[in-house]
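Below is one structure, written out as structure tokens; comments come after it.
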Amino acid sequence: MPDATKSPTDPVPLRSRIFADLTPLRTSPDYRRLWCGNTISWMGQQMTALAVSLQVYDLTHSTFAVGLVGLCSLVPLVVFGLYGGAIADTVDRRKLGLYSASGATVLSVVLAAAALTDQHHVALLYGVVALQAVCFAMNSPARSSMIPRLLPVEQLPAANALNSLTSNLGLMGGPMLGGVIVGLWGYQAAYLIDVVAFGASLYAMWRLPSMRPEEDDGEGTPRRRASVLDGLRFLATRPNLRMTFFSDLAAMVLAQPRALFPAVAVLWFAGDAKTVGLLVAAPAVGAVLGGLFSGWLGGIRRHGLAILLAVAAWGAAVACFGLARNLWLGLFFLAVAGCADTISMVFRSTMLQAATPDRMRGRLQGVFIVVVAGGPRLGDFLAGSAADLTSPAVAVIGGGLACVLTVTALGLGRRAFARYDARDPQP
């Protein structure tokens with residue numbers, strides 16, 4: 001459990017003010033096991049995601065068929081994200097996390113068994129991917145809503161920075177490791193490693209104490225079966241929490257250049273597939289660096305203002321990328337954008353955890369999943385359409401500027417958000 005004797009006003013070591021603050025890992029064994037288990041299992045999941053894509057292409061030789069893998073994952077995430085959050089606000093979150101992680105483990109076993117017995121069916125792969133997304137949609141709200149119960153509020157920014165490292169390192173390293181393993185030992189090896197990796201997550205969940213949502217709202221109202229609509233009504237009346245979603249949508253929908261990378265690699269940088277790979281990797285590298293050097297984030301109290309500035313920095317960096325015609329300069333601006341996105345994510349997650357009553361945390365984390373899953377896809381569509389109607393440069397620069405203008409308008413329209421103080425979290 002958290003060290004209650006350590007005051008939030010105690011001096012912070014210089015190392016923790018520069019590099020990622022490891023205090024949550026030191027003070028809470030439960031959080032440490034949860035973070036380590038999630039890090040290991042997330043790496044395995046990303047290996048499996050790449051292995052499934054490679055296997056689908058090997059069976060069909062169709063890029064469209066590979067694209068359907070993403071759709072099979074996206075639809076369940078959007079549909080079950082809200083529902084998973086409602087379940088997390090009704091039942092013991094530890095049990096929900098344990099059962100959903102067990103389900104994902106069984107699905108990896110199915111993939112491995114099918115590969116080992118030469119049962120190569122694309123429909124099976126699609127079905128397993130869809131069910132894996134359902135498990136994730138159930139697991140993620142439960143796991144995220146547990147963190148404020150394991151740590152004091154002043155350690156939440158550090159914990160969310162560590163979680164961002166897990167996410168981004170997995171997204172970078174998982175596919176690379178998966179490609180090597182598939183190349184050396186086949187698809188079944190990647191799937192079997194994923195099964196073993198899930199063991200770390202299962203162990204962490206098993207060791208947690210019971211995590212039932214709080215029985216009432218502090219005013220004597222008894223807890224009942226959580227409703228998705230009640231969660232949305234709650235969000236509709238909480239302007240600061242709404243602003244965290246609006247600001248993220250401004251970045252992900254208006255200034256998402258990812259879909260244009262294949263075109264700009266050729267048109268701007270006279271490159272090829274390797275250039276596209278560099279463009280895709282640059283924001284992830286920036287995000288990892290933002291997580292590694294995140295110790296200073298714990299000293300910031302004006303979380304709303306930090307989110308507005310970080311989202312504006314994302315938009316400005318994307319616009320500058322649209323002006324760059326030197327590859328390394330373009331990669332630099334994309335890395336800056338990735339770093340800004342990490343900062344925004346840390347404070348948005350912290351606000352959701354600190355300013356949301358425990359009985360609502362699962363449902364708001366479900367909304368978070370839907371926004372994170374759907375926002376970038378909508379941004380891809382908008383950027384692609386704008387580039388077809390105008391040009392890639394207009395789409396990228398215009399999207400970045402639109403993001404800056406939109407988040408500025410949001411900040412001016414809701415000035416209390418910029419004054420949000422982490423010492424008195426108000427939803």
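To be explicit about the labels: the chains of the structure tokens are called A, B, and onward in the order shown, and within each one the residues are counted from 1, while ligands get numbers from 1 in the order they are shown.
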**OP:** Can you pull out every residue within 6 Å of Val276 (chain A), counting only C-alpha atoms, but drop anything in the same chain fewer than 3 positions away, and send it as number ranges by chain?
**Re:** A: 261-262, 265, 273, 279
What lies within 7 Å of region 406-422 of chain A using only C-alpha atoms, ignoring chain neighbours under 4 positions off, as a compact mmCIF listing (two decimals) with C-alpha atoms, in the first residue's frame?
# COMPACT_ATOMS: atom_id res chain seq x y z
CA ASN A 240 -13.25 20.03 -16.51
CA SER A 247 -8.73 18.80 -26.10
CA ALA A 250 -8.78 18.48 -31.15
CA ARG A 301 -0.24 21.77 -10.29
CA ARG A 302 -2.11 23.57 -13.11
CA HIS A 303 -3.01 20.40 -14.99
CA GLY A 304 -5.65 22.01 -17.20
CA LEU A 305 -3.27 24.69 -18.43
CA LEU A 308 -3.93 23.11 -23.27
CA ALA A 312 -1.20 23.40 -28.74
CA ALA A 402 -6.75 24.14 -36.73
**OP:** Grab the CA of Gly44 (chain A) to CA of Phe136 (chain A) distance for me, in Å with one decimal place.
**Re:**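 The value is 13.5 Å.
Nearest to Val264 (chain A) of all the residues A:Ala317, A:Ala190, A:Ala395, A:Ser385 is A:Ala395, based on only C-alpha atoms.
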Original post:
If you run DSSP on the backbone, which residues of region 189-271 of chain A are helix (DSSP H, G or I), as JSON, numbers by chain?
Top reply: {"A": [189, 190, 191, 192, 193, 194, 195, 196, 197, 198, 199, 200, 201, 202, 203, 204, 205, 206, 207, 228, 229, 230, 231, 232, 233, 234, 235, 236, 239, 240, 241, 242, 243, 244, 245, 246, 247, 248, 249, 250, 251, 252, 253, 254, 258, 259, 260, 261, 262, 263, 264, 265, 266, 267]}
Take the selection from the previous step and output its residues with N, CA and C atoms, as a compact mmCIF listing (two decimals), in the first residue's frame.
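Now in result_10.txt:
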# COMPACT_ATOMS: atom_id res chain seq x y z
N ALA A 189 5.55 -19.50 -32.24
CA ALA A 189 6.48 -19.07 -31.19
C ALA A 189 6.03 -17.73 -30.60
N ALA A 190 5.62 -16.79 -31.46
CA ALA A 190 5.15 -15.49 -30.97
C ALA A 190 3.91 -15.66 -30.10
N TYR A 191 2.99 -16.53 -30.51
CA TYR A 191 1.77 -16.73 -29.74
C TYR A 191 2.06 -17.40 -28.40
N LEU A 192 2.98 -18.36 -28.39
CA LEU A 192 3.32 -19.03 -27.14
C LEU A 192 4.01 -18.08 -26.17
N ILE A 193 4.87 -17.21 -26.69
CA ILE A 193 5.52 -16.22 -25.82
C ILE A 193 4.47 -15.28 -25.23
N ASP A 194 3.45 -14.94 -26.02
CA ASP A 194 2.37 -14.09 -25.52
C ASP A 194 1.64 -14.78 -24.37
N VAL A 195 1.41 -16.08 -24.49
CA VAL A 195 0.76 -16.83 -23.41
C VAL A 195 1.57 -16.72 -22.12
N VAL A 196 2.88 -16.92 -22.24
CA VAL A 196 3.76 -16.82 -21.06
C VAL A 196 3.75 -15.40 -20.50
N ALA A 197 3.77 -14.41 -21.40
CA ALA A 197 3.79 -13.01 -20.96
C ALA A 197 2.54 -12.65 -20.17
N PHE A 198 1.40 -13.22 -20.55
CA PHE A 198 0.17 -12.94 -19.82
C PHE A 198 0.24 -13.46 -18.39
N GLY A 199 1.12 -14.41 -18.14
CA GLY A 199 1.27 -14.92 -16.78
C GLY A 199 1.65 -13.82 -15.79
N ALA A 200 2.46 -12.87 -16.25
CA ALA A 200 2.87 -11.77 -15.37
C ALA A 200 1.67 -10.90 -14.99
N SER A 201 0.79 -10.64 -15.95
CA SER A 201 -0.40 -9.85 -15.68
C SER A 201 -1.35 -10.60 -14.74
N LEU A 202 -1.52 -11.89 -14.97
CA LEU A 202 -2.40 -12.69 -14.13
C LEU A 202 -1.88 -12.74 -12.69
N TYR A 203 -0.58 -12.88 -12.53
CA TYR A 203 0.01 -12.91 -11.19
C TYR A 203 -0.23 -11.59 -10.48
N ALA A 204 -0.02 -10.47 -11.20
CA ALA A 204 -0.20 -9.15 -10.59
C ALA A 204 -1.65 -8.95 -10.14
N MET A 205 -2.59 -9.33 -10.98
CA MET A 205 -4.01 -9.20 -10.62
C MET A 205 -4.36 -10.12 -9.44
N TRP A 206 -3.81 -11.31 -9.42
CA TRP A 206 -4.09 -12.28 -8.36
C TRP A 206 -3.66 -11.75 -7.00
N ARG A 207 -2.55 -11.02 -6.96
CA ARG A 207 -2.01 -10.53 -5.69
C ARG A 207 -2.68 -9.27 -5.18
N VAL A 228 -24.26 2.86 -18.23
CA VAL A 228 -23.47 3.64 -19.19
C VAL A 228 -24.05 5.04 -19.33
N LEU A 229 -25.37 5.14 -19.42
CA LEU A 229 -26.01 6.44 -19.59
C LEU A 229 -25.77 7.35 -18.39
N ASP A 230 -25.77 6.78 -17.19
CA ASP A 230 -25.48 7.58 -16.01
C ASP A 230 -24.06 8.14 -16.07
N GLY A 231 -23.13 7.34 -16.58
CA GLY A 231 -21.77 7.82 -16.73
C GLY A 231 -21.67 8.96 -17.72
N LEU A 232 -22.40 8.86 -18.84
CA LEU A 232 -22.39 9.93 -19.83
C LEU A 232 -23.07 11.18 -19.29
N ARG A 233 -24.14 10.99 -18.51
CA ARG A 233 -24.80 12.16 -17.89
C ARG A 233 -23.87 12.84 -16.90
N PHE A 234 -23.14 12.04 -16.13
CA PHE A 234 -22.17 12.60 -15.20
C PHE A 234 -21.12 13.43 -15.94
N LEU A 235 -20.60 12.87 -17.04
CA LEU A 235 -19.59 13.59 -17.82
C LEU A 235 -20.15 14.88 -18.40
N ALA A 236 -21.42 14.87 -18.80
CA ALA A 236 -22.04 16.05 -19.39
C ALA A 236 -22.14 17.21 -18.41
N PRO A 239 -17.55 19.97 -16.40
CA PRO A 239 -16.86 20.66 -17.50
C PRO A 239 -15.37 20.40 -17.57
N ASN A 240 -14.70 20.27 -16.45
CA ASN A 240 -13.25 20.03 -16.51
C ASN A 240 -12.93 18.68 -17.12
N LEU A 241 -13.70 17.65 -16.74
CA LEU A 241 -13.47 16.33 -17.31
C LEU A 241 -13.82 16.32 -18.79
N ARG A 242 -14.90 17.00 -19.17
CA ARG A 242 -15.25 17.10 -20.59
C ARG A 242 -14.12 17.72 -21.39
N MET A 243 -13.50 18.72 -20.82
CA MET A 243 -12.43 19.42 -21.54
C MET A 243 -11.24 18.51 -21.83
N THR A 244 -10.98 17.53 -20.96
CA THR A 244 -9.87 16.62 -21.24
C THR A 244 -10.14 15.84 -22.53
N PHE A 245 -11.40 15.47 -22.76
CA PHE A 245 -11.75 14.74 -23.98
C PHE A 245 -11.77 15.66 -25.20
N PHE A 246 -12.34 16.86 -25.03
CA PHE A 246 -12.40 17.80 -26.16
C PHE A 246 -11.00 18.17 -26.65
N SER A 247 -10.09 18.41 -25.71
CA SER A 247 -8.73 18.80 -26.10
C SER A 247 -8.02 17.66 -26.82
N ASP A 248 -8.23 16.42 -26.35
CA ASP A 248 -7.60 15.28 -27.01
C ASP A 248 -8.17 15.09 -28.42
N LEU A 249 -9.48 15.25 -28.57
CA LEU A 249 -10.09 15.13 -29.89
C LEU A 249 -9.58 16.21 -30.83
N ALA A 250 -9.33 17.41 -30.31
CA ALA A 250 -8.78 18.48 -31.15
C ALA A 250 -7.45 18.07 -31.75
N ALA A 251 -6.63 17.36 -30.96
CA ALA A 251 -5.33 16.92 -31.45
C ALA A 251 -5.45 15.73 -32.39
N MET A 252 -6.20 14.71 -31.97
CA MET A 252 -6.23 13.46 -32.71
C MET A 252 -7.07 13.52 -33.99
N VAL A 253 -8.09 14.35 -34.01
CA VAL A 253 -8.95 14.44 -35.19
C VAL A 253 -8.44 15.49 -36.18
N LEU A 254 -8.09 16.66 -35.67
CA LEU A 254 -7.72 17.77 -36.56
C LEU A 254 -6.28 17.70 -37.03
N ARG A 258 -0.76 10.89 -39.73
CA ARG A 258 -0.28 9.52 -39.94
C ARG A 258 -0.67 8.93 -41.29
N ALA A 259 -1.91 9.17 -41.70
CA ALA A 259 -2.38 8.58 -42.96
C ALA A 259 -1.66 9.13 -44.18
N LEU A 260 -1.00 10.27 -44.02
CA LEU A 260 -0.33 10.93 -45.15
C LEU A 260 1.15 10.57 -45.24
N PHE A 261 1.65 9.80 -44.30
CA PHE A 261 3.08 9.49 -44.30
C PHE A 261 3.54 8.81 -45.60
N PRO A 262 2.81 7.83 -46.15
CA PRO A 262 3.30 7.24 -47.41
C PRO A 262 3.42 8.27 -48.53
N ALA A 263 2.47 9.21 -48.60
CA ALA A 263 2.52 10.22 -49.67
C ALA A 263 3.64 11.21 -49.45
N VAL A 264 3.77 11.72 -48.22
CA VAL A 264 4.78 12.77 -47.99
C VAL A 264 6.18 12.19 -48.04
N ALA A 265 6.35 10.90 -47.73
CA ALA A 265 7.67 10.29 -47.83
C ALA A 265 8.20 10.38 -49.25
N VAL A 266 7.30 10.22 -50.23
CA VAL A 266 7.70 10.28 -51.64
C VAL A 266 7.75 11.73 -52.13
N LEU A 267 6.70 12.49 -51.85
CA LEU A 267 6.57 13.83 -52.43
C LEU A 267 7.52 14.84 -51.80
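Here the question is which of A:Thr27, A:Thr90, A:Ser167, A:Thr105 gets nearest to Met211 (chain A) using only C-alpha atoms, and that residue is A:Thr90.
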Subject >> d(CA of Pro283 (chain A), CA of Leu184 (chain A)) in Å >> reply: 28.8 Å
**OP:** Figure out the distance between CA of Tyr99 (chain A) and CA of Leu34 (chain A), please, to one decimal in Å.
**Re:**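 According to the coordinates, CA of Leu34 (chain A) and CA of Tyr99 (chain A) are separated by 15.0 Å.
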**OP:** Please provide as a ChimeraX atom specification all residues within 8 Å of Ala355 (chain A), with the sequence filter that same-chain residues fewer than 5 positions apart are discarded (counting only C-alpha atoms).
**Re:** /A:241,425-427
Could you turn the residues from that selection into a file that holds all heavy atoms, as an mmCIF file, in the first residue's frame?
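Result written to again30.cif:
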data_model
loop_
_atom_site.group_PDB
_atom_site.id
_atom_site.type_symbol
_atom_site.label_atom_id
_atom_site.label_comp_id
_atom_site.auth_asym_id
_atom_site.auth_seq_id
_atom_site.Cartn_x
_atom_site.Cartn_y
_atom_site.Cartn_z
ATOM 1 N N LEU A 241 -13.698 17.654 -16.737
ATOM 2 C CA LEU A 241 -13.471 16.331 -17.310
ATOM 3 C C LEU A 241 -13.824 16.322 -18.794
ATOM 4 O O LEU A 241 -13.129 15.690 -19.599
ATOM 5 C CB LEU A 241 -14.290 15.285 -16.556
ATOM 6 C CG LEU A 241 -13.905 15.084 -15.079
ATOM 7 C CD1 LEU A 241 -14.796 14.032 -14.442
ATOM 8 C CD2 LEU A 241 -12.435 14.688 -14.948
ATOM 9 N N PRO A 425 -8.783 18.937 -6.845
ATOM 10 C CA PRO A 425 -9.329 18.457 -8.109
ATOM 11 C C PRO A 425 -10.843 18.580 -8.177
ATOM 12 O O PRO A 425 -11.563 17.974 -7.391
ATOM 13 C CB PRO A 425 -8.888 16.992 -8.154
ATOM 14 C CG PRO A 425 -8.632 16.617 -6.744
ATOM 15 C CD PRO A 425 -8.189 17.850 -6.044
ATOM 16 N N GLN A 426 -11.312 19.382 -9.125
ATOM 17 C CA GLN A 426 -12.733 19.578 -9.322
ATOM 18 C C GLN A 426 -13.126 19.085 -10.717
ATOM 19 O O GLN A 426 -12.531 19.489 -11.708
ATOM 20 C CB GLN A 426 -13.095 21.074 -9.203
ATOM 21 C CG GLN A 426 -12.820 21.658 -7.838
ATOM 22 C CD GLN A 426 -13.684 21.039 -6.755
ATOM 23 O OE1 GLN A 426 -14.859 20.738 -6.996
ATOM 24 N NE2 GLN A 426 -13.118 20.844 -5.573
ATOM 25 N N PRO A 427 -14.121 18.196 -10.807
ATOM 26 C CA PRO A 427 -14.488 17.659 -12.115
ATOM 27 C C PRO A 427 -15.195 18.651 -13.004
ATOM 28 O O PRO A 427 -15.315 18.435 -14.192
ATOM 29 C CB PRO A 427 -15.424 16.486 -11.764
ATOM 30 C CG PRO A 427 -15.992 16.830 -10.430
ATOM 31 C CD PRO A 427 -14.929 17.596 -9.711
#
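Closest approach to Val110 (chain A) from the set A:Met172, A:Gln188, A:Trp42, A:Gly384 is made by A:Gln188, with distances taken over only C-alpha atoms.
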**OP:** Excluding Met176 (chain A) and any residue of its chain fewer than 3 positions from it, enumerate the residues within 12 Å of it, using only C-alpha atoms, and give them as a list of chain:residue names.
**Re:** A:Met43, A:Gly44, A:Gln46, A:Met47, A:Thr48, A:Ala49, A:Leu50, A:Ala51, A:Leu169, A:Gly170, A:Leu171, A:Met172, A:Gly173, A:Gly179, A:Val180, A:Ile181, A:Val182, A:Gly183, A:Ala190, A:Gly277, A:Ala281
Could those selected residues go to a file with all heavy atoms, as a short mmCIF file (atom, residue, chain, number, x, y, z; two decimals), in the first residue's frame?
data_model
loop_
_atom_site.label_atom_id
_atom_site.label_comp_id
_atom_site.auth_asym_id
_atom_site.auth_seq_id
_atom_site.Cartn_x
_atom_site.Cartn_y
_atom_site.Cartn_z
N MET A 43 3.88 -6.04 -24.12
CA MET A 43 4.89 -6.37 -25.13
C MET A 43 4.47 -7.62 -25.89
O MET A 43 4.57 -7.69 -27.13
CB MET A 43 6.24 -6.58 -24.46
CG MET A 43 7.40 -6.77 -25.41
SD MET A 43 7.91 -5.24 -26.26
CE MET A 43 8.66 -4.35 -24.89
N GLY A 44 3.98 -8.62 -25.15
CA GLY A 44 3.53 -9.84 -25.80
C GLY A 44 2.34 -9.61 -26.71
O GLY A 44 2.24 -10.19 -27.80
N GLN A 46 1.62 -6.89 -28.37
CA GLN A 46 2.07 -6.22 -29.60
C GLN A 46 2.81 -7.19 -30.53
O GLN A 46 2.71 -7.08 -31.75
CB GLN A 46 2.97 -5.03 -29.26
CG GLN A 46 2.25 -3.92 -28.50
CD GLN A 46 0.97 -3.52 -29.20
OE1 GLN A 46 0.97 -3.13 -30.37
NE2 GLN A 46 -0.13 -3.59 -28.48
N MET A 47 3.52 -8.15 -29.95
CA MET A 47 4.12 -9.20 -30.77
C MET A 47 3.04 -10.00 -31.49
O MET A 47 3.14 -10.29 -32.68
CB MET A 47 4.95 -10.14 -29.88
CG MET A 47 6.23 -9.55 -29.34
SD MET A 47 7.00 -10.63 -28.11
CE MET A 47 7.00 -12.19 -28.98
N THR A 48 1.98 -10.35 -30.74
CA THR A 48 0.89 -11.12 -31.34
C THR A 48 0.18 -10.32 -32.43
O THR A 48 -0.20 -10.87 -33.47
CB THR A 48 -0.11 -11.53 -30.24
OG1 THR A 48 0.51 -12.51 -29.41
CG2 THR A 48 -1.37 -12.12 -30.84
N ALA A 49 -0.03 -9.02 -32.19
CA ALA A 49 -0.70 -8.19 -33.18
C ALA A 49 0.06 -8.20 -34.50
O ALA A 49 -0.55 -8.33 -35.58
CB ALA A 49 -0.84 -6.76 -32.66
N LEU A 50 1.38 -8.11 -34.44
CA LEU A 50 2.17 -8.14 -35.67
C LEU A 50 2.10 -9.54 -36.30
O LEU A 50 1.95 -9.67 -37.51
CB LEU A 50 3.61 -7.77 -35.39
CG LEU A 50 4.49 -7.83 -36.64
CD1 LEU A 50 4.30 -6.59 -37.50
CD2 LEU A 50 5.95 -8.02 -36.30
N ALA A 51 2.21 -10.57 -35.46
CA ALA A 51 2.20 -11.94 -35.98
C ALA A 51 0.88 -12.24 -36.70
O ALA A 51 0.88 -12.87 -37.76
CB ALA A 51 2.43 -12.93 -34.84
N LEU A 169 6.82 1.95 -25.31
CA LEU A 169 7.89 0.97 -25.51
C LEU A 169 7.33 -0.32 -26.12
O LEU A 169 7.96 -0.95 -26.97
CB LEU A 169 8.59 0.67 -24.19
CG LEU A 169 9.54 1.76 -23.68
CD1 LEU A 169 10.03 1.43 -22.28
CD2 LEU A 169 10.71 1.95 -24.63
N GLY A 170 6.12 -0.69 -25.68
CA GLY A 170 5.49 -1.88 -26.26
C GLY A 170 5.17 -1.68 -27.73
O GLY A 170 5.38 -2.58 -28.55
N LEU A 171 4.65 -0.50 -28.07
CA LEU A 171 4.32 -0.21 -29.47
C LEU A 171 5.56 -0.18 -30.35
O LEU A 171 5.50 -0.51 -31.54
CB LEU A 171 3.59 1.13 -29.56
CG LEU A 171 2.16 1.14 -28.98
CD1 LEU A 171 1.62 2.57 -28.95
CD2 LEU A 171 1.24 0.24 -29.79
N MET A 172 6.70 0.23 -29.77
CA MET A 172 7.94 0.27 -30.54
C MET A 172 8.63 -1.09 -30.58
O MET A 172 9.00 -1.60 -31.63
CB MET A 172 8.90 1.30 -29.94
CG MET A 172 8.53 2.75 -30.18
SD MET A 172 9.71 3.87 -29.39
CE MET A 172 11.24 3.38 -30.17
N GLY A 173 8.80 -1.69 -29.39
CA GLY A 173 9.61 -2.90 -29.31
C GLY A 173 8.87 -4.17 -29.62
O GLY A 173 9.45 -5.12 -30.15
N GLY A 179 8.56 -9.53 -35.13
CA GLY A 179 9.06 -9.82 -36.47
C GLY A 179 10.25 -10.76 -36.44
O GLY A 179 10.35 -11.68 -37.27
N VAL A 180 11.16 -10.52 -35.49
CA VAL A 180 12.34 -11.39 -35.37
C VAL A 180 11.93 -12.81 -34.99
O VAL A 180 12.40 -13.80 -35.57
CB VAL A 180 13.32 -10.81 -34.33
CG1 VAL A 180 14.45 -11.80 -34.05
CG2 VAL A 180 13.89 -9.48 -34.82
N ILE A 181 11.03 -12.94 -34.02
CA ILE A 181 10.62 -14.26 -33.54
C ILE A 181 9.87 -15.03 -34.62
O ILE A 181 10.12 -16.23 -34.84
CB ILE A 181 9.76 -14.11 -32.26
CG1 ILE A 181 10.65 -13.63 -31.12
CG2 ILE A 181 9.07 -15.42 -31.90
CD1 ILE A 181 9.91 -13.26 -29.87
N VAL A 182 8.95 -14.36 -35.32
CA VAL A 182 8.23 -15.03 -36.40
C VAL A 182 9.20 -15.48 -37.49
O VAL A 182 9.09 -16.58 -38.04
CB VAL A 182 7.14 -14.10 -36.99
CG1 VAL A 182 6.56 -14.69 -38.27
CG2 VAL A 182 6.03 -13.89 -35.97
N GLY A 183 10.17 -14.62 -37.81
CA GLY A 183 11.14 -14.97 -38.84
C GLY A 183 11.99 -16.16 -38.47
O GLY A 183 12.36 -16.97 -39.33
N ALA A 190 5.62 -16.79 -31.46
CA ALA A 190 5.15 -15.49 -30.97
C ALA A 190 3.91 -15.66 -30.10
O ALA A 190 3.78 -15.02 -29.04
CB ALA A 190 4.85 -14.56 -32.14
N GLY A 277 8.70 4.25 -42.55
CA GLY A 277 8.97 3.66 -41.25
C GLY A 277 9.55 4.67 -40.27
O GLY A 277 9.18 4.69 -39.09
N ALA A 281 7.86 5.99 -36.80
CA ALA A 281 8.57 5.77 -35.54
C ALA A 281 8.85 7.07 -34.79
O ALA A 281 8.95 7.05 -33.56
CB ALA A 281 9.89 5.04 -35.81
#
